[in-house]
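Colleague: Sending over my_file.txt (compact mmCIF, C-alpha atoms and all ligand atoms).
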```txt
# COMPACT_ATOMS: atom_id res chain seq x y z
CA MET N 1 60.18 114.12 99.56
CA ARG N 2 62.19 114.88 96.41
CA SER N 3 65.07 112.54 95.62
CA LEU N 4 67.57 112.40 92.78
CA VAL N 5 67.23 108.79 91.67
CA LEU N 6 69.83 107.02 89.50
CA HIS N 7 67.98 104.56 87.26
CA LYS N 8 70.70 103.36 84.91
CA THR N 9 74.44 103.68 84.41
CA ASP N 10 76.24 104.54 81.18
CA LYS N 11 79.52 106.30 80.41
CA GLY N 12 78.44 108.03 77.21
CA LYS N 13 74.94 109.20 78.24
CA LYS N 14 73.86 112.62 79.46
CA TYR N 15 73.22 112.77 83.20
CA SER N 16 69.61 113.79 82.50
CA ASP N 17 69.15 110.35 80.85
CA LEU N 18 70.47 108.53 83.93
CA PHE N 19 68.98 110.48 86.85
CA ARG N 20 65.48 111.84 87.58
CA ILE N 21 64.26 113.98 90.48
CA GLU N 22 61.22 112.09 91.82
CA GLU N 23 58.78 112.06 94.71
CA THR N 24 59.73 109.20 97.03
CA SER N 25 58.41 108.21 100.44
CA LEU N 26 60.14 109.32 103.65
CA PRO N 27 62.49 106.61 104.95
CA GLU N 28 61.34 104.70 108.04
CA LEU N 29 63.60 105.04 111.07
CA SER N 30 64.94 102.36 113.36
CA ASP N 31 65.32 103.20 117.07
CA ASP N 32 68.94 104.39 116.66
CA GLU N 33 68.47 106.45 113.53
CA VAL N 34 67.87 110.11 112.83
CA LEU N 35 66.00 111.57 109.88
CA VAL N 36 68.16 114.42 108.62
CA LYS N 37 66.70 117.19 106.48
CA VAL N 38 69.48 117.69 103.95
CA HIS N 39 70.14 121.38 103.29
CA PHE N 40 73.31 121.01 101.24
CA ALA N 41 75.03 118.00 99.65
CA SER N 42 78.35 118.01 97.82
CA LEU N 43 79.52 115.90 94.91
CA ASN N 44 82.43 113.47 94.87
CA HIS N 45 83.98 111.82 91.86
CA ARG N 46 82.55 108.58 93.25
CA ASP N 47 79.06 109.80 92.24
CA LEU N 48 80.23 110.17 88.63
CA TRP N 49 82.08 106.83 88.61
CA ILE N 50 78.86 105.12 89.77
CA ALA N 51 76.70 106.92 87.18
CA GLU N 52 79.20 105.80 84.53
CA GLY N 53 78.93 102.20 85.74
CA ALA N 54 82.62 102.10 86.70
CA TYR N 55 82.07 100.25 90.01
CA SER N 56 81.12 96.63 90.57
CA LYS N 57 77.95 95.65 92.46
CA ILE N 58 75.99 98.80 91.64
CA ARG N 59 72.43 98.47 92.96
CA LEU N 60 69.72 100.39 91.11
CA PRO N 61 67.61 102.41 91.55
CA VAL N 62 69.56 104.34 94.14
CA VAL N 63 69.98 107.81 95.58
CA LEU N 64 73.68 108.75 95.47
CA GLY N 65 75.43 111.31 97.65
CA SER N 66 77.95 110.69 100.45
CA ASP N 67 78.23 114.24 101.76
CA GLY N 68 75.53 116.21 103.46
CA ALA N 69 74.84 118.79 106.13
CA GLY N 70 71.42 119.60 107.46
CA THR N 71 69.12 119.65 110.44
CA VAL N 72 67.50 116.98 112.57
CA HIS N 73 63.89 116.37 111.55
CA SER N 74 62.96 113.42 113.76
CA ALA N 75 64.65 110.60 115.66
CA GLY N 76 64.20 107.01 116.83
CA LYS N 77 63.45 106.32 120.48
CA ASN N 78 67.05 105.50 121.49
CA VAL N 79 68.39 108.81 120.21
CA LYS N 80 69.12 111.02 123.22
CA ASN N 81 71.69 113.58 122.03
CA PHE N 82 70.10 115.06 118.94
CA PHE N 83 67.00 117.25 118.87
CA ARG N 84 64.78 118.72 116.18
CA ASP N 85 66.53 121.48 114.18
CA ASP N 86 70.01 120.66 115.53
CA LYS N 87 72.56 121.30 112.77
CA VAL N 88 74.43 118.13 111.88
CA LEU N 89 77.19 116.83 109.64
CA ILE N 90 77.19 113.24 108.37
CA TYR N 91 80.14 110.83 108.68
CA PRO N 92 79.85 108.93 105.38
CA CYS N 93 81.54 105.60 106.26
CA ARG N 94 79.59 102.54 107.37
CA ASN N 95 81.13 99.46 109.08
CA TRP N 96 84.66 100.89 109.32
CA GLY N 97 85.40 98.19 111.89
CA GLU N 98 87.75 97.85 114.85
CA SER N 99 91.15 98.67 113.35
CA GLU N 100 92.40 102.23 112.90
CA ASP N 101 94.76 100.93 110.18
CA PHE N 102 92.19 99.74 107.64
CA GLN N 103 88.47 99.24 107.12
CA ASP N 104 86.47 96.06 107.65
CA ARG N 105 85.57 93.84 104.67
CA SER N 106 81.92 94.88 105.19
CA PHE N 107 82.84 98.58 104.79
CA GLN N 108 80.34 100.68 102.84
CA ILE N 109 79.96 104.31 101.85
CA LEU N 110 76.75 106.30 102.22
CA GLY N 111 75.04 106.78 98.83
CA MET N 112 75.12 103.22 97.37
CA PRO N 113 74.12 100.66 98.34
CA ASP N 114 72.17 102.67 100.96
CA ASN N 115 70.35 105.76 99.73
CA GLY N 116 72.45 108.90 100.20
CA THR N 117 72.24 112.64 100.56
CA PHE N 118 70.95 113.69 97.12
CA ALA N 119 67.44 113.80 98.59
CA GLU N 120 65.48 116.10 100.86
CA TYR N 121 65.76 113.64 103.74
CA VAL N 122 68.18 110.84 104.59
CA ARG N 123 68.19 108.39 107.50
CA ILE N 124 71.45 108.21 109.39
CA PRO N 125 72.58 106.19 112.45
CA GLN N 126 73.00 108.56 115.41
CA SER N 127 76.62 107.39 115.74
CA ALA N 128 77.37 108.92 112.30
CA LEU N 129 76.15 112.42 113.18
CA TYR N 130 78.43 115.22 114.36
CA LYS N 131 77.93 118.81 115.47
CA ILE N 132 79.15 121.35 112.93
CA PRO N 133 82.22 123.50 113.75
CA ALA N 134 80.87 126.90 114.88
CA HIS N 135 82.56 128.98 112.16
CA LEU N 136 80.95 127.01 109.31
CA ASP N 137 77.50 127.42 107.78
CA LEU N 138 75.70 124.37 106.40
CA SER N 139 76.87 124.86 102.82
CA MET N 140 80.51 125.02 103.94
CA ALA N 141 80.10 122.04 106.25
CA SER N 142 78.66 119.89 103.44
CA ALA N 143 81.92 120.25 101.51
CA PHE N 144 84.01 118.35 104.06
CA PRO N 145 82.87 114.82 104.85
CA LEU N 146 84.20 112.39 102.22
CA ALA N 147 86.88 114.51 100.56
CA GLY N 148 88.03 116.22 103.76
CA LEU N 149 88.23 112.92 105.61
CA THR N 150 90.31 111.40 102.79
CA ALA N 151 92.63 114.42 102.69
CA PHE N 152 92.96 114.53 106.48
CA ARG N 153 93.83 110.85 106.88
CA ALA N 154 96.26 111.04 103.93
CA LEU N 155 98.13 114.00 105.44
CA TYR N 156 98.09 113.27 109.16
CA THR N 157 97.32 109.59 109.85
CA LYS N 158 99.34 108.29 106.89
CA ALA N 159 102.03 110.85 105.96
CA VAL N 160 102.29 112.17 109.56
CA LEU N 161 102.82 115.68 108.19
CA LYS N 162 105.39 117.87 109.93
CA LYS N 163 105.58 121.65 109.88
CA ASP N 164 108.86 121.79 107.96
CA ASP N 165 107.71 119.30 105.28
CA THR N 166 107.48 120.28 101.64
CA VAL N 167 104.26 118.80 100.29
CA LEU N 168 103.17 118.18 96.71
CA ILE N 169 99.41 118.00 96.16
CA THR N 170 98.58 116.81 92.68
CA GLY N 171 95.60 118.04 90.66
CA SER N 172 94.87 120.94 92.96
CA GLY N 173 91.43 121.64 91.50
CA GLY N 174 89.97 118.35 92.74
CA GLY N 175 87.70 118.10 95.78
CA VAL N 176 90.12 116.04 97.87
CA SER N 177 93.17 117.99 96.64
CA ALA N 178 91.72 121.44 97.35
CA LEU N 179 90.90 120.40 100.93
CA ALA N 180 94.33 118.77 101.34
CA LEU N 181 95.79 122.11 100.25
CA MET N 182 93.77 124.00 102.89
CA PHE N 183 94.75 121.54 105.65
CA ALA N 184 98.46 121.44 104.76
CA VAL N 185 98.67 125.24 104.52
CA ALA N 186 96.90 125.55 107.90
CA SER N 187 99.58 123.22 109.33
CA GLY N 188 102.33 125.58 108.18
CA ALA N 189 103.87 123.19 105.61
CA ASP N 190 105.34 124.43 102.31
CA VAL N 191 102.77 123.32 99.75
CA PHE N 192 103.25 123.00 95.99
CA VAL N 193 100.65 121.81 93.49
CA THR N 194 100.18 120.49 89.99
CA SER N 195 97.09 121.25 87.94
CA GLY N 196 95.70 121.22 84.42
CA SER N 197 95.40 125.00 84.19
CA GLU N 198 97.33 128.15 85.12
CA GLN N 199 94.15 129.63 86.62
CA LYS N 200 93.86 126.74 89.06
CA ILE N 201 97.54 127.09 90.00
CA SER N 202 96.99 130.83 90.64
CA LYS N 203 93.95 129.99 92.75
CA ALA N 204 96.01 127.48 94.75
CA VAL N 205 98.69 130.13 95.31
CA SER N 206 96.03 132.62 96.47
CA LEU N 207 95.01 129.98 99.05
CA GLY N 208 98.53 129.61 100.40
CA ALA N 209 100.43 127.28 98.04
CA LYS N 210 104.04 128.37 97.40
CA GLY N 211 103.78 127.57 93.68
CA GLY N 212 102.77 125.02 91.10
CA VAL N 213 103.27 123.60 87.63
CA LYS N 214 100.98 122.31 84.90
CA TYR N 215 101.02 118.51 84.87
CA ASN N 216 100.63 118.48 81.09
CA ASN N 217 103.96 120.27 80.58
CA ARG N 218 106.45 117.64 79.39
CA GLU N 219 109.09 118.86 81.85
CA TRP N 220 106.66 119.32 84.76
CA SER N 221 108.74 117.35 87.28
CA LYS N 222 111.94 119.30 86.54
CA GLU N 223 110.03 122.58 86.78
CA LEU N 224 108.58 121.48 90.10
CA LEU N 225 111.94 120.44 91.57
CA SER N 226 113.43 123.80 90.65
CA LEU N 227 110.53 125.52 92.48
CA THR N 228 110.86 123.38 95.61
CA GLY N 229 114.69 123.43 95.74
CA ASN N 230 114.77 119.66 95.11
CA LYS N 231 112.85 118.94 98.33
CA ILE N 232 109.59 116.95 98.30
CA ASP N 233 108.85 115.14 101.55
CA VAL N 234 105.20 114.28 101.06
CA ILE N 235 103.14 113.62 97.92
CA ILE N 236 99.35 113.39 98.16
CA ASP N 237 97.94 111.93 94.94
CA GLY N 238 94.60 110.77 93.56
CA THR N 239 95.50 110.60 89.88
CA GLY N 240 98.04 107.77 89.62
CA GLY N 241 98.75 106.71 86.02
CA LYS N 242 102.12 107.52 84.49
CA PHE N 243 102.62 110.29 87.06
CA PHE N 244 103.13 107.72 89.78
CA SER N 245 106.47 106.67 88.23
CA ASP N 246 107.55 110.31 88.35
CA PHE N 247 106.71 110.57 92.06
CA ILE N 248 109.30 107.85 92.74
CA GLU N 249 111.84 109.99 90.86
CA ILE N 250 111.06 113.32 92.50
CA GLY N 251 110.38 112.25 96.10
CA SER N 252 113.26 113.15 98.44
CA TYR N 253 115.03 110.46 100.47
CA GLY N 254 112.49 109.21 103.02
CA ALA N 255 109.52 110.78 101.20
CA ARG N 256 106.00 109.56 101.98
CA ILE N 257 103.87 109.07 98.85
CA VAL N 258 100.19 108.70 99.68
CA SER N 259 97.81 107.31 97.05
CA TYR N 260 94.07 107.77 97.50
CA GLY N 261 92.91 107.34 93.89
CA ALA N 262 93.81 106.33 90.36
CA THR N 263 91.76 108.60 88.10
CA LEU N 264 94.30 108.04 85.29
CA GLY N 265 94.78 104.30 85.91
CA TYR N 266 98.01 102.54 86.87
CA PRO N 267 101.68 103.29 86.17
CA ASP N 268 103.33 101.00 83.62
CA ARG N 269 106.69 101.09 85.44
CA LEU N 270 107.85 101.55 88.99
CA ASP N 271 111.57 101.95 89.73
CA LEU N 272 111.90 99.65 92.73
CA HIS N 273 115.60 100.45 93.05
CA LYS N 274 114.67 104.07 93.85
CA VAL N 275 111.91 102.92 96.20
CA TYR N 276 114.30 101.01 98.43
CA TRP N 277 117.43 103.13 97.95
CA LYS N 278 115.64 106.36 98.83
CA GLN N 279 113.70 104.57 101.59
CA LEU N 280 110.40 105.83 100.19
CA LYS N 281 107.14 105.01 101.89
CA ILE N 282 104.24 104.28 99.52
CA LEU N 283 101.04 104.47 101.52
CA GLY N 284 97.53 103.64 100.39
CA THR N 285 94.58 105.30 102.04
CA THR N 286 90.81 105.21 101.84
CA MET N 287 88.47 107.67 103.53
CA GLY N 288 88.93 107.25 107.30
CA SER N 289 87.78 105.98 110.68
CA ALA N 290 85.43 107.81 113.03
CA ALA N 291 88.57 108.88 114.95
CA ASP N 292 89.95 110.44 111.74
CA PHE N 293 86.61 112.22 111.20
CA ARG N 294 86.63 113.55 114.79
CA GLY N 295 90.27 114.58 114.32
CA MET N 296 89.39 116.42 111.11
CA LEU N 297 86.53 118.33 112.77
CA ASP N 298 88.75 119.30 115.73
CA PHE N 299 91.47 120.46 113.31
CA ILE N 300 88.94 122.47 111.26
CA SER N 301 87.60 124.13 114.45
CA ASP N 302 91.06 124.80 115.85
CA LYS N 303 92.53 126.28 112.65
CA LYS N 304 89.21 127.83 111.49
CA VAL N 305 89.57 126.10 108.13
CA VAL N 306 86.99 127.05 105.51
CA PRO N 307 86.55 124.81 102.48
CA VAL N 308 87.04 125.84 98.89
CA ILE N 309 83.59 125.79 97.33
CA ASP N 310 83.59 125.99 93.56
CA ASN N 311 79.85 126.54 93.00
CA ILE N 312 76.50 125.95 94.68
CA TYR N 313 73.77 124.73 92.32
CA PRO N 314 70.01 124.53 92.97
CA PHE N 315 68.92 120.86 93.26
CA ASP N 316 67.00 121.07 89.97
CA GLU N 317 70.23 122.01 88.18
CA PHE N 318 72.00 118.79 89.19
CA CYS N 319 73.08 118.16 85.57
CA LYS N 320 75.14 121.35 85.58
CA ALA N 321 76.86 120.21 88.78
CA PHE N 322 77.66 116.76 87.35
CA ASP N 323 78.81 118.21 84.01
CA ARG N 324 81.16 120.64 85.73
CA MET N 325 82.87 117.80 87.57
CA GLY N 326 82.80 115.56 84.50
CA ASN N 327 84.63 118.26 82.53
CA SER N 328 87.18 118.87 85.36
CA GLU N 329 86.20 122.54 85.40
CA GLN N 330 85.93 122.93 89.17
CA PHE N 331 88.34 124.19 91.78
CA GLY N 332 87.25 122.64 95.05
CA LYS N 333 83.88 121.24 96.03
CA ILE N 334 80.71 121.37 93.98
CA VAL N 335 77.68 121.72 96.24
CA MET N 336 73.93 121.32 95.61
CA LYS N 337 71.32 123.17 97.64
CA ILE N 338 68.78 120.46 98.37
CA ASN N 339 66.29 122.01 100.82
CA THR N 340 65.50 125.66 101.24
CA GLY N 341 65.93 127.12 104.72
CA GLU N 342 69.58 128.15 104.78
N1 LIG N 401 90.33 106.30 98.41
C1 LIG N 401 89.42 107.18 98.80
O1 LIG N 401 88.92 107.14 99.92
C2 LIG N 401 88.99 108.25 97.85
C3 LIG N 401 88.27 109.34 98.36
C4 LIG N 401 87.93 110.37 97.49
C5 LIG N 401 88.29 110.29 96.15
N2 LIG N 401 88.94 109.21 95.68
C6 LIG N 401 89.36 109.13 94.26
O2 LIG N 401 90.25 110.24 94.06
C7 LIG N 401 90.05 110.79 92.77
C8 LIG N 401 89.70 112.28 92.90
O3 LIG N 401 88.44 112.39 93.54
P1 LIG N 401 87.72 113.82 93.73
O4 LIG N 401 86.36 113.56 94.29
O5 LIG N 401 88.65 114.77 94.40
O6 LIG N 401 87.55 114.21 92.19
P2 LIG N 401 87.48 115.59 91.40
O7 LIG N 401 87.04 116.67 92.35
O8 LIG N 401 86.68 115.34 90.19
O9 LIG N 401 88.99 115.83 91.01
C9 LIG N 401 89.55 115.27 89.85
C10 LIG N 401 91.03 115.45 89.93
O10 LIG N 401 91.69 114.87 88.81
C11 LIG N 401 92.67 115.78 88.31
N3 LIG N 401 92.79 115.52 86.88
C12 LIG N 401 91.82 115.56 85.95
N4 LIG N 401 92.33 115.26 84.73
C13 LIG N 401 93.65 115.01 84.94
C14 LIG N 401 94.74 114.66 84.07
N5 LIG N 401 94.56 114.49 82.77
N6 LIG N 401 95.95 114.48 84.63
C15 LIG N 401 96.14 114.64 85.96
N7 LIG N 401 95.16 114.99 86.82
C16 LIG N 401 93.93 115.17 86.30
C17 LIG N 401 92.11 117.15 88.62
O11 LIG N 401 93.14 118.12 88.69
P3 LIG N 401 92.98 119.66 88.18
O12 LIG N 401 91.52 120.01 88.26
O13 LIG N 401 93.80 120.48 89.12
O14 LIG N 401 93.52 119.71 86.79
C18 LIG N 401 91.50 116.87 89.98
O15 LIG N 401 92.47 116.88 91.00
C19 LIG N 401 88.96 109.95 92.11
O16 LIG N 401 89.58 108.94 91.34
C20 LIG N 401 88.22 109.35 93.29
O17 LIG N 401 87.55 108.15 92.95
C21 LIG N 401 89.31 108.18 96.51
```
Can I see the file as structure tokens?
Modeller:
Amino acid sequence: MRSLVLHKTDKGKKYSDLFRIEETSLPELSDDEVLVKVHFASLNHRDLWIAEGAYSKIRLPVVLGSDGAGTVHSAGKNVKNFFRDDKVLIYPCRNWGESEDFQDRSFQILGMPDNGTFAEYVRIPQSALYKIPAHLDLSMASAFPLAGLTAFRALYTKAVLKKDDTVLITGSGGGVSALALMFAVASGADVFVTSGSEQKISKAVSLGAKGGVKYNNREWSKELLSLTGNKIDVIIDGTGGKFFSDFIEIGSYGARIVSYGATLGYPDRLDLHKVYWKQLKILGTTMGSAADFRGMLDFISDKKVVPVIDNIYPFDEFCKAFDRMGNSEQFGKIVMKINTGE
């Protein structure tokens, strides 16, 4: 089978120097595992962070990729509910643990240390396989797992989104943000965005956002408050950095601020007076439990949510896919077509 193998990590190097598509042997299955033929896999920023060496305990060589949709190829002898050619979606968390509130210390994500979905076949425990919502094809389905799960838990499990909430989703072009936008709009909330470009703000508005501002405008927070009528009940953010101090300023009394990432690093100040006086809730979140994943799939089926797919690249053009994310050019999920067949 063909696999995209990461051999070394380096921030400054071209992706073609770090990864190679190679022939590798088919993984051996245990009794509870399924061999999934990966039709489509989507990228997450995690894949770039790992290639850049930004994580600790990176094991090489490795096949990255946390998101994939495909068909069942074969199965271990204890697998009773999945049959050859069944279409399946992969839950990317491993060892979430017993609590719905947080993951176990042994928590892992598919695609490092275990080999992931950037390969023609991947072995997956049967408990991590789900049927695909009927209105989605395999390319659409592959856009959801990691980013959709993160967005869903942030909005519903953590912020407990209500219909009359005004929601700010920062960096609307990102994979998690674009799916958060789709979910929040489907819930009937008033959604506003920030982004690095006017085109991405227009795209967000075409998908149901009420408006947005460019985060690189000096007065972005004032502009935003005038658009929302000074009401921001929920903030869903993966960028952090200096913006996080602004969220404390602009959140309404009782606002829920959910942090799922820190692409820009950490804030250098946090006005604690405003945190307690406005009774803000600052909530951290990471991916989600199997119950969150099930909840997301039910929500997607119920509301007929379709993901925002930026581009689908042939497997051999993986460098273009990685470059597009590295340059923040995308709006929504970047997908690679791994196997032919759909
Ligand atoms: N905790 C978790 O479970 C979890 C799950 C998924 C992701 N994450 C983290 O969340 C972050 C986003 O992940 P992703 O996969 O959605 O990445 P992505 O698709 O590459 O999105 C990058 C995001 O960063 C924004 N951005 C880029 N430059 C910026 C700048 N100078 N100022 C403000 N925003 C900027 C982009 O906004 P525009 O394109 O609109 O300008 C976009 O929203 C990453 O740090 C990732 O590691 C965490």
Colleague: Restricting the calculation to only C-alpha atoms, which member of N:Ala255, N:Ile312, N:Ile109, N:Val62 is positioned closest to Leu168 of chain N?
Modeller: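 Selected residue with least distance to Leu168 of chain N: N:Ala255.
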Colleague: Could the residues that lie within 6 Å of ligand LIG 401 (chain N), counting all atoms listed in the file, be listed as an NGL selection string?
Modeller: :N and (44-46 or 147 or 150 or 171-177 or 195-196 or 238-239 or 260-263 or 285-287 or 325 or 328)
Colleague: Once you add 8 Å to each side, what are the centre and edge lengths of the axis-aligned box holding all listed atoms of segment 279-298 of chain N? One decimal in Å, as lines of an AutoDock Vina configuration file, if you can.
Modeller:
```
center_x = 99.6
center_y = 111.5
center_z = 107.6
size_x = 44.3
size_y = 31.7
size_z = 32.2
```
Colleague: If you measure from atom CA of Lys222 of chain N to atom CA of Ile236 of chain N, what distance in Å do you get, rounded to one decimal?
Modeller: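 That distance, rounded to one decimal, is 18.1 Å.
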Colleague: Point out the residue among N:Tyr15, N:Phe192, N:Trp49, N:Phe152 with the least atom-to-atom distance to Ile235 of chain N, counting only C-alpha atoms.
Modeller: N:Phe192
Colleague: Could you work out how far atom CA of Lys337 of chain N lies from atom CA of Pro314 of chain N, giving the answer in Å with one decimal?
Modeller: 5.0 Å
Colleague: Mind pulling up the distance from atom CA of Met182 of chain N to atom CA of Tyr253 of chain N?
Modeller: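 Those two atoms sit 25.3 Å apart.
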Colleague: Taking 3 positions as the minimum chain separation for residues in the same chain, which residues sit within 9 Å of segment 31-34 of chain N when counting only C-alpha atoms? Answer as a PDB file with C-alpha atoms, keeping the file's coordinate frame.
Modeller:
```pdb
ATOM      1  CA  VAL N  72      67.500 116.980 112.570  1.00  0.00           C
ATOM      2  CA  HIS N  73      63.890 116.370 111.550  1.00  0.00           C
ATOM      3  CA  SER N  74      62.960 113.420 113.760  1.00  0.00           C
ATOM      4  CA  ALA N  75      64.650 110.600 115.660  1.00  0.00           C
ATOM      5  CA  GLY N  76      64.200 107.010 116.830  1.00  0.00           C
ATOM      6  CA  LYS N  77      63.450 106.320 120.480  1.00  0.00           C
ATOM      7  CA  ASN N  78      67.050 105.500 121.490  1.00  0.00           C
ATOM      8  CA  VAL N  79      68.390 108.810 120.210  1.00  0.00           C
ATOM      9  CA  PHE N  82      70.100 115.060 118.940  1.00  0.00           C
ATOM     10  CA  VAL N 122      68.180 110.840 104.590  1.00  0.00           C
ATOM     11  CA  ARG N 123      68.190 108.390 107.500  1.00  0.00           C
ATOM     12  CA  ILE N 124      71.450 108.210 109.390  1.00  0.00           C
ATOM     13  CA  PRO N 125      72.580 106.190 112.450  1.00  0.00           C
ATOM     14  CA  GLN N 126      73.000 108.560 115.410  1.00  0.00           C
ATOM     15  CA  SER N 127      76.620 107.390 115.740  1.00  0.00           C
ATOM     16  CA  LEU N 129      76.150 112.420 113.180  1.00  0.00           C
TER      17      LEU N 129
END
```
Colleague: Excluding Lys14 of chain N and any residue of its chain fewer than 6 positions from it, enumerate the residues within 12 Å of it, using only C-alpha atoms, and give them as a list in words.
Modeller: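 My list of contacting residues is Lys8, Arg20, Leu48, Ala51, Glu52, Phe318, Cys319, Lys320, Phe322, Asp323 and Gly326 of chain N.
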Colleague: Quick one: residues within 9 Å of segment 98-107 of chain N, all atoms listed in the file counted, chain neighbours fewer than 5 positions away excluded, as an NGL selection string?
Modeller: :N and (93 or 285-286 or 288-292)
Colleague: Set the distance at 12 Å and use only C-alpha atoms: which residues neighbour Ser187 of chain N once local chain neighbours fewer than 3 positions away are removed? I'd like the list as a ChimeraX atom specification.
Modeller: /N:152,155-156,160-167,180-184,190-191,208,299-300,302-305
Colleague: Measuring atom to atom with all atoms listed in the file, identify which of N:Asp17, N:Ala41, N:Met112, N:Glu120 is nearest to Ala321 of chain N.
Modeller: N:Ala41
Colleague: Tell me which of N:Ser16, N:Ser25, N:Ser139, N:Thr9 sits closest to Asp316 of chain N, counting all atoms listed in the file.
Modeller: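 Checking each candidate against Asp316 of chain N, we get N:Ser16 as the closest.
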Colleague: Which is closer to Leu283 of chain N than all the others in N:Thr157, N:Asn311, N:Gln199, N:Thr170, using only C-alpha atoms?
Modeller: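 When distances to Leu283 of chain N are compared using only C-alpha atoms, the smallest one comes from N:Thr157.
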Colleague: Tell me which protein, DNA and RNA residues are within 6 Å of Thr71 of chain N, counting all atoms listed in the file, leaving out same-chain ones fewer than 2 positions away, and put them as an NGL selection string.
Modeller: :N and (36-37 or 85-88)
Colleague: Nearest to Pro307 of chain N: which of N:Ser42, N:Asn95, N:Gln279, N:Ser66 is it, counting all atoms listed in the file?
Modeller: N:Ser42
